[in-house]
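K.L.:
Structure supplied as entry17.cif; contents: mmCIF, C-alpha atoms.
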data_final
loop_
_atom_site.group_PDB
_atom_site.id
_atom_site.type_symbol
_atom_site.label_atom_id
_atom_site.label_comp_id
_atom_site.auth_asym_id
_atom_site.auth_seq_id
_atom_site.Cartn_x
_atom_site.Cartn_y
_atom_site.Cartn_z
ATOM 1 C CA MET U 1 0.000 0.000 0.000
ATOM 2 C CA PHE U 2 2.806 2.378 0.921
ATOM 3 C CA ALA U 3 4.676 1.521 -2.284
ATOM 4 C CA ASN U 4 1.548 2.210 -4.335
ATOM 5 C CA SER U 5 1.121 5.591 -2.658
ATOM 6 C CA ILE U 6 4.741 6.538 -3.355
ATOM 7 C CA LEU U 7 4.362 5.496 -6.985
ATOM 8 C CA ASP U 8 1.193 7.583 -7.270
ATOM 9 C CA VAL U 9 3.099 10.574 -5.875
ATOM 10 C CA VAL U 10 5.769 10.038 -8.529
ATOM 11 C CA ILE U 11 3.114 9.729 -11.239
ATOM 12 C CA GLY U 12 1.447 12.944 -10.076
ATOM 13 C CA LEU U 13 4.736 14.835 -10.034
ATOM 14 C CA VAL U 14 5.736 13.488 -13.459
ATOM 15 C CA PHE U 15 2.359 14.540 -14.835
ATOM 16 C CA VAL U 16 2.795 18.088 -13.517
ATOM 17 C CA PHE U 17 6.280 18.235 -15.056
ATOM 18 C CA PHE U 18 4.907 16.910 -18.357
ATOM 19 C CA VAL U 19 2.155 19.514 -18.638
ATOM 20 C CA CYS U 20 4.480 22.361 -17.671
ATOM 21 C CA SER U 21 7.077 21.044 -20.134
ATOM 22 C CA LEU U 22 4.521 21.408 -22.905
ATOM 23 C CA ALA U 23 4.213 25.092 -22.007
ATOM 24 C CA VAL U 24 8.008 25.456 -21.991
ATOM 25 C CA SER U 25 8.275 23.738 -25.370
ATOM 26 C CA GLY U 26 5.673 26.101 -26.784
ATOM 27 C CA VAL U 27 7.570 29.148 -25.528
ATOM 28 C CA ASN U 28 10.863 27.775 -26.833
ATOM 29 C CA GLU U 29 9.448 27.023 -30.286
ATOM 30 C CA PHE U 30 7.846 30.466 -30.531
ATOM 31 C CA VAL U 31 11.091 32.251 -29.628
ATOM 32 C CA ARG U 32 13.217 30.071 -31.925
ATOM 33 C CA THR U 33 10.867 30.769 -34.822
ATOM 34 C CA LEU U 34 10.748 34.475 -34.029
ATOM 35 C CA LEU U 35 14.544 34.816 -33.762
ATOM 36 C CA ASN U 36 15.292 32.282 -36.505
ATOM 37 C CA THR U 37 17.903 30.623 -34.297
ATOM 38 C CA ARG U 38 18.170 27.329 -36.204
ATOM 39 C CA ALA U 39 18.950 29.029 -39.514
ATOM 40 C CA LYS U 40 21.390 31.422 -37.867
ATOM 41 C CA ALA U 41 23.211 28.563 -36.144
ATOM 42 C CA LEU U 42 23.490 26.684 -39.445
ATOM 43 C CA TRP U 43 24.751 29.764 -41.278
ATOM 44 C CA THR U 44 27.348 30.439 -38.556
ATOM 45 C CA ALA U 45 28.580 26.847 -38.705
ATOM 46 C CA VAL U 46 28.852 26.769 -42.518
ATOM 47 C CA ASN U 47 30.516 30.180 -42.582
ATOM 48 C CA ARG U 48 33.139 29.042 -40.085
ATOM 49 C CA MET U 49 33.797 25.922 -42.122
ATOM 50 C CA LEU U 50 34.260 27.795 -45.404
ATOM 51 C CA ASP U 51 35.427 31.286 -44.387
ATOM 52 C CA PRO U 52 38.735 32.064 -46.170
ATOM 53 C CA SER U 53 39.278 35.390 -44.400
ATOM 54 C CA GLU U 54 42.422 34.232 -42.609
ATOM 55 C CA ALA U 55 44.308 33.673 -45.862
ATOM 56 C CA ALA U 56 46.243 36.087 -47.987
ATOM 57 C CA ALA U 57 44.692 37.079 -51.303
ATOM 58 C CA GLN U 58 45.566 34.949 -54.307
ATOM 59 C CA PRO U 59 45.866 36.458 -57.806
ATOM 60 C CA GLU U 60 44.021 33.695 -59.651
ATOM 61 C CA GLY U 61 42.036 30.508 -59.325
ATOM 62 C CA ILE U 62 39.089 30.031 -57.022
ATOM 63 C CA THR U 63 40.187 32.870 -54.729
ATOM 64 C CA ALA U 64 39.936 35.365 -57.566
ATOM 65 C CA ARG U 65 36.504 34.008 -58.379
ATOM 66 C CA LEU U 66 35.480 34.478 -54.745
ATOM 67 C CA ASP U 67 36.645 38.107 -54.746
ATOM 68 C CA ASP U 68 34.998 38.943 -58.073
ATOM 69 C CA ALA U 69 31.800 36.957 -57.609
ATOM 70 C CA PRO U 70 28.642 39.050 -57.763
ATOM 71 C CA THR U 71 26.267 38.705 -54.838
ATOM 72 C CA ARG U 72 22.546 39.119 -55.000
ATOM 73 C CA ASP U 73 20.992 41.567 -52.558
ATOM 74 C CA GLN U 74 21.586 40.164 -49.096
ATOM 75 C CA PRO U 75 21.582 41.608 -45.579
ATOM 76 C CA ALA U 76 24.914 42.029 -43.838
ATOM 77 C CA SER U 77 24.466 38.694 -42.093
ATOM 78 C CA ARG U 78 24.666 36.914 -45.455
ATOM 79 C CA ALA U 79 27.125 38.937 -47.479
ATOM 80 C CA ASP U 80 29.050 42.187 -47.435
ATOM 81 C CA PRO U 81 28.642 43.813 -50.872
ATOM 82 C CA GLU U 82 31.862 45.748 -50.441
ATOM 83 C CA ALA U 83 33.980 42.765 -49.541
ATOM 84 C CA GLY U 84 32.977 40.227 -52.181
ATOM 85 C CA ALA U 85 31.435 36.842 -51.551
ATOM 86 C CA SER U 86 33.053 34.186 -49.415
ATOM 87 C CA LEU U 87 32.798 30.523 -50.316
ATOM 88 C CA ALA U 88 29.968 30.245 -47.793
ATOM 89 C CA HIS U 89 28.079 33.019 -49.586
ATOM 90 C CA LEU U 90 28.562 31.287 -52.937
ATOM 91 C CA LEU U 91 27.353 28.034 -51.412
ATOM 92 C CA TYR U 92 24.155 29.652 -50.121
ATOM 93 C CA ASP U 93 23.614 31.289 -53.529
ATOM 94 C CA HIS U 94 24.073 27.992 -55.402
ATOM 95 C CA PRO U 95 20.762 26.758 -56.889
ATOM 96 C CA LEU U 96 20.923 23.466 -54.967
ATOM 97 C CA ILE U 97 21.075 25.352 -51.667
ATOM 98 C CA ALA U 98 19.184 28.556 -52.521
ATOM 99 C CA ARG U 99 16.057 26.562 -53.363
ATOM 100 C CA LEU U 100 15.890 25.463 -49.700
ATOM 101 C CA ASP U 101 15.208 29.072 -48.645
ATOM 102 C CA PRO U 102 11.411 29.533 -48.674
ATOM 103 C CA THR U 103 11.580 33.336 -48.401
ATOM 104 C CA ARG U 104 13.995 34.377 -51.159
ATOM 105 C CA LEU U 105 13.672 37.910 -49.799
ATOM 106 C CA ASN U 106 16.195 40.543 -48.769
ATOM 107 C CA ARG U 107 16.380 39.164 -45.247
ATOM 108 C CA PRO U 108 18.417 36.579 -43.309
ATOM 109 C CA THR U 109 18.154 33.109 -44.733
ATOM 110 C CA ARG U 110 15.484 30.776 -43.447
ATOM 111 C CA ILE U 111 17.378 27.611 -44.361
ATOM 112 C CA THR U 112 17.382 25.414 -41.263
ATOM 113 C CA HIS U 113 18.805 22.218 -42.761
ATOM 114 C CA ILE U 114 21.208 21.299 -45.561
ATOM 115 C CA ALA U 115 21.655 17.652 -46.480
ATOM 116 C CA PRO U 116 25.286 16.490 -46.712
ATOM 117 C CA THR U 117 24.690 15.346 -50.311
ATOM 118 C CA GLU U 118 23.425 18.777 -51.375
ATOM 119 C CA PHE U 119 26.289 20.499 -49.569
ATOM 120 C CA ALA U 120 28.910 18.348 -51.287
ATOM 121 C CA ARG U 121 27.390 18.577 -54.763
ATOM 122 C CA ALA U 122 27.035 22.351 -54.577
ATOM 123 C CA LEU U 123 30.558 22.822 -53.232
ATOM 124 C CA VAL U 124 32.181 20.620 -55.868
ATOM 125 C CA ASP U 125 30.252 22.483 -58.564
ATOM 126 C CA ILE U 126 31.496 25.815 -57.178
ATOM 127 C CA LEU U 127 35.107 24.637 -56.960
ATOM 128 C CA THR U 128 35.195 23.184 -60.459
ATOM 129 C CA PRO U 129 36.149 25.698 -63.207
ATOM 130 C CA GLU U 130 34.259 25.975 -66.467
ATOM 131 C CA GLY U 131 35.777 25.725 -69.915
ATOM 132 C CA ASP U 132 35.168 28.210 -72.711
ATOM 133 C CA ASP U 133 32.137 26.216 -73.818
ATOM 134 C CA GLY U 134 30.642 26.264 -70.311
ATOM 135 C CA SER U 135 31.406 22.613 -69.595
ATOM 136 C CA LYS U 136 32.958 21.595 -66.281
ATOM 137 C CA ARG U 137 36.685 20.868 -66.296
ATOM 138 C CA TRP U 138 36.794 18.132 -63.668
ATOM 139 C CA ASP U 139 40.463 17.500 -64.350
ATOM 140 C CA GLN U 140 41.215 20.984 -62.985
ATOM 141 C CA LEU U 141 39.473 20.430 -59.644
ATOM 142 C CA GLY U 142 42.741 19.590 -57.887
ATOM 143 C CA ALA U 143 44.385 22.741 -59.223
ATOM 144 C CA GLU U 144 41.462 24.835 -58.037
ATOM 145 C CA ILE U 145 41.680 23.309 -54.572
ATOM 146 C CA ARG U 146 45.386 24.132 -54.409
ATOM 147 C CA ALA U 147 44.526 27.752 -55.245
ATOM 148 C CA LEU U 148 42.226 28.035 -52.243
ATOM 149 C CA PRO U 149 43.218 30.116 -49.203
ATOM 150 C CA ARG U 150 45.413 28.185 -46.819
ATOM 151 C CA PRO U 151 42.893 27.065 -44.153
ATOM 152 C CA LEU U 152 40.554 25.635 -46.767
ATOM 153 C CA ARG U 153 43.353 24.336 -48.973
ATOM 154 C CA ALA U 154 44.796 22.231 -46.168
ATOM 155 C CA GLN U 155 41.415 20.748 -45.319
ATOM 156 C CA PHE U 156 40.279 20.063 -48.867
ATOM 157 C CA LEU U 157 43.648 18.719 -50.056
ATOM 158 C CA VAL U 158 43.548 16.021 -47.387
ATOM 159 C CA LEU U 159 40.114 14.926 -48.569
ATOM 160 C CA TYR U 160 41.028 15.224 -52.262
ATOM 161 C CA GLU U 161 44.253 13.254 -51.934
ATOM 162 C CA GLU U 162 42.519 10.540 -49.906
ATOM 163 C CA ALA U 163 39.989 10.322 -52.747
ATOM 164 C CA GLU U 164 42.966 9.843 -55.111
ATOM 165 C CA GLY U 165 41.650 12.530 -57.441
ATOM 166 C CA ASN U 166 38.313 10.793 -57.921
ATOM 167 C CA VAL U 167 35.556 13.443 -57.999
ATOM 168 C CA LEU U 168 32.840 11.121 -56.730
ATOM 169 C CA ARG U 169 34.961 9.918 -53.825
ATOM 170 C CA PHE U 170 35.949 13.506 -53.070
ATOM 171 C CA ARG U 171 32.286 14.469 -52.957
ATOM 172 C CA GLU U 172 31.584 11.585 -50.579
ATOM 173 C CA ALA U 173 34.472 12.770 -48.401
ATOM 174 C CA LEU U 174 32.953 16.253 -48.326
ATOM 175 C CA GLU U 175 29.645 14.726 -47.269
ATOM 176 C CA GLY U 176 31.340 12.971 -44.376
ATOM 177 C CA TRP U 177 33.200 16.142 -43.371
ATOM 178 C CA PHE U 178 30.012 18.179 -43.406
ATOM 179 C CA ASP U 179 28.056 15.501 -41.553
ATOM 180 C CA SER U 180 30.635 15.238 -38.755
ATOM 181 C CA SER U 181 30.794 19.033 -38.478
ATOM 182 C CA MET U 182 27.002 19.244 -38.217
ATOM 183 C CA ARG U 183 26.991 16.597 -35.474
ATOM 184 C CA ARG U 184 29.306 18.784 -33.417
ATOM 185 C CA VAL U 185 27.114 21.796 -34.123
ATOM 186 C CA SER U 186 24.062 19.768 -33.113
ATOM 187 C CA GLU U 187 25.649 18.828 -29.788
ATOM 188 C CA TRP U 188 26.550 22.459 -29.151
ATOM 189 C CA TYR U 189 23.026 23.546 -30.085
ATOM 190 C CA LYS U 190 21.499 20.974 -27.729
ATOM 191 C CA ARG U 191 23.657 22.181 -24.828
ATOM 192 C CA ARG U 192 22.728 25.774 -25.568
ATOM 193 C CA THR U 193 19.055 24.831 -25.855
ATOM 194 C CA ARG U 194 19.201 23.048 -22.504
ATOM 195 C CA ILE U 195 20.410 26.252 -20.842
ATOM 196 C CA VAL U 196 17.727 28.275 -22.592
ATOM 197 C CA MET U 197 15.091 25.709 -21.641
ATOM 198 C CA PHE U 198 16.126 26.004 -17.990
ATOM 199 C CA GLY U 199 15.485 29.729 -18.225
ATOM 200 C CA TYR U 200 12.071 29.165 -19.809
ATOM 201 C CA GLY U 201 11.366 26.469 -17.216
ATOM 202 C CA LEU U 202 12.124 28.889 -14.411
ATOM 203 C CA LEU U 203 9.856 31.448 -16.066
ATOM 204 C CA VAL U 204 6.978 28.936 -16.233
ATOM 205 C CA ALA U 205 7.645 27.716 -12.678
ATOM 206 C CA VAL U 206 7.444 31.244 -11.322
ATOM 207 C CA ALA U 207 4.556 32.330 -13.568
ATOM 208 C CA PHE U 208 2.409 29.385 -12.454
ATOM 209 C CA ASN U 209 4.021 29.078 -8.998
ATOM 210 C CA VAL U 210 4.871 25.408 -9.565
ATOM 211 C CA SER U 211 7.198 24.328 -6.772
ATOM 212 C CA ALA U 212 8.261 20.698 -6.948
ATOM 213 C CA VAL U 213 8.704 20.694 -3.153
ATOM 214 C CA HIS U 214 5.149 21.822 -2.360
ATOM 215 C CA VAL U 215 3.578 19.730 -5.122
ATOM 216 C CA THR U 216 5.290 16.590 -3.820
ATOM 217 C CA THR U 217 4.303 17.367 -0.230
ATOM 218 C CA GLU U 218 0.652 17.890 -1.162
ATOM 219 C CA LEU U 219 0.536 14.744 -3.282
ATOM 220 C CA TYR U 220 1.931 12.699 -0.416
ATOM 221 C CA ALA U 221 -0.300 14.184 2.294
ATOM 222 C CA ASN U 222 -3.623 14.571 0.469
ATOM 223 C CA ASP U 223 -5.171 11.330 -0.797
ATOM 224 C CA VAL U 224 -8.005 13.070 -2.638
ATOM 225 C CA VAL U 225 -5.711 15.408 -4.547
ATOM 226 C CA ARG U 226 -3.337 12.554 -5.340
ATOM 227 C CA GLU U 227 -6.091 10.337 -6.745
ATOM 228 C CA THR U 228 -7.508 13.212 -8.811
ATOM 229 C CA VAL U 229 -4.116 14.024 -10.316
ATOM 230 C CA VAL U 230 -3.381 10.360 -11.028
ATOM 231 C CA ASP U 231 -6.727 10.030 -12.837
ATOM 232 C CA LEU U 232 -5.830 13.040 -15.010
ATOM 233 C CA ALA U 233 -2.418 11.553 -15.667
ATOM 234 C CA ALA U 234 -3.973 8.220 -16.656
ATOM 235 C CA THR U 235 -6.093 9.967 -19.282
ATOM 236 C CA GLN U 236 -3.040 11.682 -20.708
ATOM 237 C CA ALA U 237 -0.864 8.548 -20.599
ATOM 238 C CA ALA U 238 -3.508 6.713 -22.621
ATOM 239 C CA GLN U 239 -2.805 9.038 -25.542
ATOM 240 C CA ALA U 240 -0.961 7.280 -28.339
ATOM 241 C CA ASP U 241 1.412 10.131 -29.092
ATOM 242 C CA LEU U 242 2.858 13.254 -27.517
ATOM 243 C CA GLN U 243 1.455 15.300 -30.404
ATOM 244 C CA ASP U 244 -2.066 14.505 -29.188
ATOM 245 C CA CYS U 245 -1.608 17.248 -26.597
ATOM 246 C CA SER U 246 0.913 19.714 -27.993
ATOM 247 C CA ASP U 247 -1.346 22.517 -29.195
ATOM 248 C CA ARG U 248 -2.007 25.606 -27.116
ATOM 249 C CA THR U 249 -5.635 24.765 -26.307
ATOM 250 C CA CYS U 250 -4.782 21.329 -24.917
ATOM 251 C CA VAL U 251 -1.930 22.706 -22.804
ATOM 252 C CA GLU U 252 -4.138 25.457 -21.357
ATOM 253 C CA ASP U 253 -6.864 22.919 -20.551
ATOM 254 C CA GLU U 254 -4.420 20.594 -18.782
ATOM 255 C CA ILE U 255 -2.959 23.449 -16.735
ATOM 256 C CA ALA U 256 -6.482 24.521 -15.737
ATOM 257 C CA LYS U 257 -7.267 20.949 -14.675
ATOM 258 C CA ILE U 258 -4.129 20.820 -12.518
ATOM 259 C CA VAL U 259 -5.126 24.087 -10.839
ATOM 260 C CA ASP U 260 -8.619 22.685 -10.190
ATOM 261 C CA THR U 261 -7.245 19.588 -8.431
ATOM 262 C CA GLY U 262 -6.300 21.666 -5.400
ATOM 263 C CA LEU U 263 -2.535 21.346 -5.812
ATOM 264 C CA PRO U 264 -0.658 24.327 -4.311
ATOM 265 C CA VAL U 265 0.079 25.879 -7.689
ATOM 266 C CA PHE U 266 -0.751 29.184 -9.300
ATOM 267 C CA TRP U 267 -0.963 32.433 -7.395
ATOM 268 C CA ARG U 268 -3.825 31.874 -4.986
ATOM 269 C CA SER U 269 -4.520 31.673 -1.292
ATOM 270 C CA CYS U 270 -3.725 28.607 0.781
ATOM 271 C CA PRO U 271 -4.385 28.023 4.502
ATOM 272 C CA ASP U 272 -1.503 28.584 6.881
ATOM 273 C CA GLY U 273 -0.836 26.946 10.218
ATOM 274 C CA ASP U 274 -2.488 29.698 12.293
ATOM 275 C CA GLY U 275 -5.964 29.348 10.844
ATOM 276 C CA GLY U 276 -5.450 32.147 8.346
ATOM 277 C CA SER U 277 -4.407 32.099 4.711
ATOM 278 C CA GLY U 278 -1.693 33.431 2.451
ATOM 279 C CA LEU U 279 -0.245 32.996 -0.999
ATOM 280 C CA CYS U 280 0.416 29.327 -1.701
ATOM 281 C CA GLY U 281 4.042 28.629 -0.856
ATOM 282 C CA PHE U 282 4.582 31.903 0.984
ATOM 283 C CA GLN U 283 2.674 31.392 4.218
ATOM 284 C CA ASP U 284 5.883 31.598 6.297
ATOM 285 C CA GLY U 285 9.655 31.684 5.927
ATOM 286 C CA ARG U 286 10.003 27.911 5.702
ATOM 287 C CA ALA U 287 7.349 27.694 2.986
ATOM 288 C CA THR U 288 8.997 30.535 1.053
ATOM 289 C CA ALA U 289 12.370 28.759 1.119
ATOM 290 C CA GLY U 290 10.698 25.559 -0.079
ATOM 291 C CA THR U 291 9.011 27.468 -2.896
ATOM 292 C CA ILE U 292 12.248 28.945 -4.184
ATOM 293 C CA ILE U 293 14.044 25.592 -4.013
ATOM 294 C CA GLY U 294 11.037 23.955 -5.658
ATOM 295 C CA TRP U 295 11.070 26.498 -8.499
ATOM 296 C CA LEU U 296 14.680 25.630 -9.267
ATOM 297 C CA ILE U 297 13.946 21.892 -9.186
ATOM 298 C CA THR U 298 10.957 22.421 -11.471
ATOM 299 C CA ALA U 299 13.014 24.517 -13.903
ATOM 300 C CA ALA U 300 15.686 21.810 -14.057
ATOM 301 C CA ALA U 301 13.024 19.154 -14.653
ATOM 302 C CA LEU U 302 11.302 21.129 -17.392
ATOM 303 C CA SER U 303 14.584 21.700 -19.230
ATOM 304 C CA VAL U 304 14.721 18.048 -20.358
ATOM 305 C CA GLY U 305 11.610 18.451 -22.505
ATOM 306 C CA ALA U 306 8.070 17.131 -22.654
ATOM 307 C CA ALA U 307 8.993 13.987 -24.607
ATOM 308 C CA PHE U 308 11.058 12.687 -21.672
ATOM 309 C CA TRP U 309 8.248 13.175 -19.157
ATOM 310 C CA PHE U 310 5.630 11.735 -21.506
ATOM 311 C CA ALA U 311 7.675 8.557 -21.953
ATOM 312 C CA LEU U 312 8.310 8.358 -18.199
ATOM 313 C CA LEU U 313 4.610 8.839 -17.482
ATOM 314 C CA LYS U 314 3.708 5.914 -19.719
ATOM 315 C CA ARG U 315 6.406 3.795 -18.115
ATOM 316 C CA ALA U 316 5.208 4.665 -14.606
ATOM 317 C CA PHE U 317 1.683 3.487 -15.401
ATOM 318 C CA GLN U 318 3.064 0.238 -16.804
ATOM 319 C CA VAL U 319 4.883 -0.347 -13.517
ATOM 320 C CA ARG U 320 1.721 0.585 -11.595
ATOM 321 C CA SER U 321 -0.319 -1.953 -13.563
ATOM 322 C CA SER U 322 2.311 -4.647 -12.949
ATOM 323 C CA MET U 323 2.341 -3.937 -9.195
ATOM 324 C CA ARG U 324 -1.456 -4.173 -8.969
ATOM 325 C CA ALA U 325 -1.521 -7.389 -10.959
ATOM 326 C CA ALA U 326 1.103 -9.009 -8.723
#
Now, as a test, write the supplied structure out as structure tokens.

P.N.:
Amino acid sequence: MFANSILDVVIGLVFVFFVCSLAVSGVNEFVRTLLNTRAKALWTAVNRMLDPSEAAAQPEGITARLDDAPTRDQPASRADPEAGASLAHLLYDHPLIARLDPTRLNRPTRITHIAPTEFARALVDILTPEGDDGSKRWDQLGAEIRALPRPLRAQFLVLYEEAEGNVLRFREALEGWFDSSMRRVSEWYKRRTRIVMFGYGLLVAVAFNVSAVHVTTELYANDVVRETVVDLAATQAAQADLQDCSDRTCVEDEIAKIVDTGLPVFWRSCPDGDGGSGLCGFQDGRATAGTIIGWLITAAALSVGAAFWFALLKRAFQVRSSMRAA
């Protein structure tokens, strides 16, 4: 009986974290879309990979083509009209890559993903010179690579020599290079997102006054509240997919249901120990300290995302069913 009660407390707490995580995910997605962070991160990564600014100017070859290349109207984040296009700018202007930009307006790019195959094909096409008849001179690819600025030349020569001059193998090597670079960028982006999500989680925890300490205490002490919350959680866990409750209306409804259960959340009055009442979580100094600590715990929990808590909620009910069947 005691074990079942503890498991129900865990289920109730997980459910609260899940619903609040949906709110955090909504805030995060709105801000990322508004600020265009994915596209900016991709552009920064590609620009760092292909930026030849550290090298001395070369009189001919691909470097001369970079300096003389015309650039279509772009904001300063994409190209500097007075400085000429970098290899990254040429890549983004290549038809294979430019078609991925849905806006095609004089504004920062909206490209959020480039496939390694498209990256490699576009880059090889840019690096390969054209003959007088407009045909590609694949035999001159190695010479063009050797004319690149030093940071790029060193990188590309390694890949080109390992490919033994074979264009297809060189393109595959570029795909692998780009893919490994994007994996590192992805890991960096996830770490950065986790920090941002903690901030959003703290914002939601404070806005809705969701203290993990007080929620856990109430779930443990109040059988009625615990059973009500577990019933709500069971309904949500029965959903087949997380997307079944990811829209704004569903999230608002679930938050309202949590408030109606009697949990000490949201900014409302709760009874204190002297027969009076005060703001939930701020009835005395001890409660205030618990609220602040609980906010931080909640923020940390919400930073892992709704998908984690949804999966854990389903798993908790599986364990609960197994315990009752035993």

K.L.:
Would you write out, as a PyMOL selection string, every residue that the PyMOL selection byres ((chain U and resi 107-122) around 10) captures in this file?

P.N.:
chain U and resi 33+36-43+46+73-79+90-106+123-127+168+170-180+182

K.L.:
When distances are computed from all atoms listed in the file, which of U:Leu263, U:Ala316, U:Cys270, U:Ala205 shows the smallest separation from U:Thr298?

P.N.:
U:Ala205

K.L.:
Could you jot down the atom CA of U:Ile145 to atom CA of U:Glu164 separation for me, Å, one decimal place?

P.N.:
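According to the coordinates, atom CA of U:Ile145 and atom CA of U:Glu164 are separated by 13.5 Å.
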
K.L.:
Step by step: start from the point (3.2, 33.0, -0.1) in the file's coordinates, keep every protein, DNA or RNA residue that has an atom no farther than 10 Å from it, count only C-alpha atoms, and write the set as a VMD selection string.

P.N.:
chain U and resid 209 267 to 270 272 277 to 285 287 to 288 291

K.L.:
Keeping only C-alpha atoms, take the residues you just selected and write them out as a tab-separated table (two decimals), in the coordinates of the input.

P.N.:
chain	number	residue	atom	x	y	z
U	209	ASN	CA	4.02	29.08	-9.00
U	267	TRP	CA	-0.96	32.43	-7.40
U	268	ARG	CA	-3.82	31.87	-4.99
U	269	SER	CA	-4.52	31.67	-1.29
U	270	CYS	CA	-3.72	28.61	0.78
U	272	ASP	CA	-1.50	28.58	6.88
U	277	SER	CA	-4.41	32.10	4.71
U	278	GLY	CA	-1.69	33.43	2.45
U	279	LEU	CA	-0.24	33.00	-1.00
U	280	CYS	CA	0.42	29.33	-1.70
U	281	GLY	CA	4.04	28.63	-0.86
U	282	PHE	CA	4.58	31.90	0.98
U	283	GLN	CA	2.67	31.39	4.22
U	284	ASP	CA	5.88	31.60	6.30
U	285	GLY	CA	9.65	31.68	5.93
U	287	ALA	CA	7.35	27.69	2.99
U	288	THR	CA	9.00	30.54	1.05
U	291	THR	CA	9.01	27.47	-2.90

K.L.:
Between atom CA of U:Ile6 and atom CA of U:Val215, what is the spacing in Å?

P.N.:
13.4 Å

K.L.:
For U:Gly12, which of U:Ala307, U:Val265, U:Val230, U:Leu302 is the closest residue, counting only C-alpha atoms?

P.N.:
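Smallest distance to U:Gly12 is found for U:Val230.
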